[in-house]
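Scroll down for the structure; my scribbles are underneath it.
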Amino acid sequence: MAELLKVSRGAEFFYLGDTARVPYGIRSTETVRRYALECALFLKEFGIDTLVVACNTASARAVDYLREKLPELEIFEVITPAVERVVREATASVGVIGTPSTVGSGVYKREILKRRKDLEVLQRATPLLVPLVEEGLLEGEITDAVLRHYLSPWVGRIDTLLLGCTHYPLLEGAIRKLFPSWRVVNSAKPLAEFLKGKFNGEGENRVHLFFTDRSAFLERFLASVRLNGALKEPEIVSL
């Protein structure tokens with residue numbers, strides 16, 4: 001949301017964060033699809049014509065299902081723009097990290113190799129990173145230890161790291177500090193760039209925020225979004 005607000009003007013956004021049921025990355029495909037459809041139907045009540053699925057797991061597991069169930073909506077997902085960025089920037093090898101569900105789907109590796117068969121693509125599920133972000137442990141000894149545990153085996157093997165979860169950009173600073181030679185692709189930024197110009201009107205953006213539970217992560221999210229003009233207090237809703 002924060003990245004999209006940077007490239008939009010005069011647009012009205014309805015944002016729903018399903019904070020009561022995260023993480024999606026450990027759920028079955030059937031559950032992710034059900035959750036995603038419930039979220040989409042909630043937002044559809046506001047008369048939206050465009051749906052942006054900003055969760056990597058839902059993008060990997062539920063976007064085709066959503067397009068089937070809601071053909072009247074234009075639906076964008078976070079994976080394709082990130083893949084396009086990676087194939088432009090990677091030199092020889094890419095590491096992809098994400099939730100067990102996203103990595104298990106194989107979607108990033110499959111889509112990268114469709115576009116560039118010369119790249120080596122390594123994948124790893126990194127489930128401990130979401131709890132780190134949820135707890136606000138964005139730097140420090142614990143965070144560094146977990147990042148080294150997951151990523152040190154790739155030193156000397158990859159030149160580009162794709163952050164395949166929308167929680168992970170909050171750890172980008174720590175990752176760059178530990179592994180300064182890698183290019184780091186944050187999937188939120190390519191999505192915002194891909195949609196740049198689509199939400200381009202006049203005046204201030206209008207943002208309506210909804211969450212299914214209040215949490216410490218929600219407070220950090222609000223702090224980041226408020227920097228970009230979303231000043232309204234969120235509503236807590238039940239799906």
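Ordering of the structure tokens sets the chain letters (A, B, ...); residue numbers start at 1 within each chain; ligands are numbered from 1 in the order shown.
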DSSP helix (DSSP H, G or I) residues within segment 51-222 of chain A, as a ChimeraX atom specification: /A:56-69,79-89,100-105,107-115,129-134,141-154,168-178,188-195,216-222
Selection: 8 Å around Leu191 of chain A, only C-alpha atoms, excl. self and same-chain fewer than 4 positions, as a list in words: Leu4, Glu77, Val78, Pro81, Ala82, Ser187 and Leu195 of chain A
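Minimum distance to Val130 of chain A across A:Leu70, A:Ile97, A:Val53, A:Val155 (counting only C-alpha atoms) occurs at A:Ile97.
Among the candidate residues A:Ala62, A:Glu84, A:Gly203, A:Glu111, the one lying nearest to Val185 of chain A is A:Glu84, with distances computed using only C-alpha atoms.
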Residues near Lys177 of chain A, cut-off 12 Å, only C-alpha atoms, skip fewer than 3 positions along chain, as a list in words: Glu139, Gly140, Thr143, Asp144, Leu147, Arg148, Leu171, Glu172, Gly173, Ala174, Pro180, Ser181, Trp182, Arg183 and Val184 of chain A
Shell of 12 Å around Ile142 of chain A, only C-alpha atoms, local chain residues under 3 positions omitted, as a ChimeraX atom specification: /A:128-129,131-133,135-139,145-149,174
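Distances to Glu120 of chain A were evaluated for A:Ala60, A:Leu51, A:Val86, A:Leu163 using only C-alpha atoms, and the minimum falls at A:Val86.
Using only C-alpha atoms, the nearest neighbour of Arg34 of chain A within the list A:Ala92, A:Leu66, A:Leu5, A:Asn56 is A:Leu66.
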DSSP says strand (DSSP E) for which residues of segment 2-169 of chain A? Put them as a CSV table (one decimal) with C-alpha atoms, in the first residue's frame?
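In the end it all went to selection_31.csv:
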```csv
chain,number,residue,atom,x,y,z
A,12,GLU,CA,-9.7,6.1,-3.8
A,13,PHE,CA,-8.3,3.0,-2.2
A,14,PHE,CA,-10.0,0.4,0.0
A,15,TYR,CA,-7.3,-1.7,1.8
A,16,LEU,CA,-8.1,-4.8,3.7
A,17,GLY,CA,-5.4,-6.5,5.9
A,50,THR,CA,-9.8,-3.2,-9.7
A,51,LEU,CA,-8.4,-5.6,-7.2
A,52,VAL,CA,-4.7,-5.7,-6.3
A,53,VAL,CA,-3.6,-8.9,-4.5
A,74,GLU,CA,-9.5,-6.4,-13.2
A,75,ILE,CA,-7.2,-8.3,-10.9
A,76,PHE,CA,-3.4,-7.7,-10.5
A,77,GLU,CA,-1.0,-9.9,-8.5
A,93,SER,CA,21.7,-16.8,-10.3
A,94,VAL,CA,18.7,-15.9,-8.2
A,95,GLY,CA,17.7,-16.8,-4.7
A,96,VAL,CA,13.9,-16.7,-3.9
A,97,ILE,CA,12.7,-16.7,-0.3
A,98,GLY,CA,9.1,-16.8,0.7
A,120,GLU,CA,19.9,-20.6,-12.0
A,121,VAL,CA,17.1,-20.2,-9.5
A,122,LEU,CA,17.4,-21.4,-5.9
A,123,GLN,CA,14.4,-21.4,-3.6
A,124,ARG,CA,14.0,-21.6,0.2
A,125,ALA,CA,11.0,-21.3,2.5
A,160,THR,CA,20.2,-11.4,-6.8
A,161,LEU,CA,17.8,-12.1,-3.9
A,162,LEU,CA,14.0,-11.9,-4.5
A,163,LEU,CA,11.9,-11.1,-1.4
A,164,GLY,CA,8.9,-13.2,-2.1
```
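Proximity ranking of A:Thr126, A:Leu178, A:Thr80, A:Ile158 relative to Arg110 of chain A places A:Thr80 first, based on only C-alpha atoms.
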Closest of A:Phe199, A:Arg9, A:Arg206, A:Glu3 to Pro169 of chain A - atom-to-atom distances counting only C-alpha atoms: A:Glu3
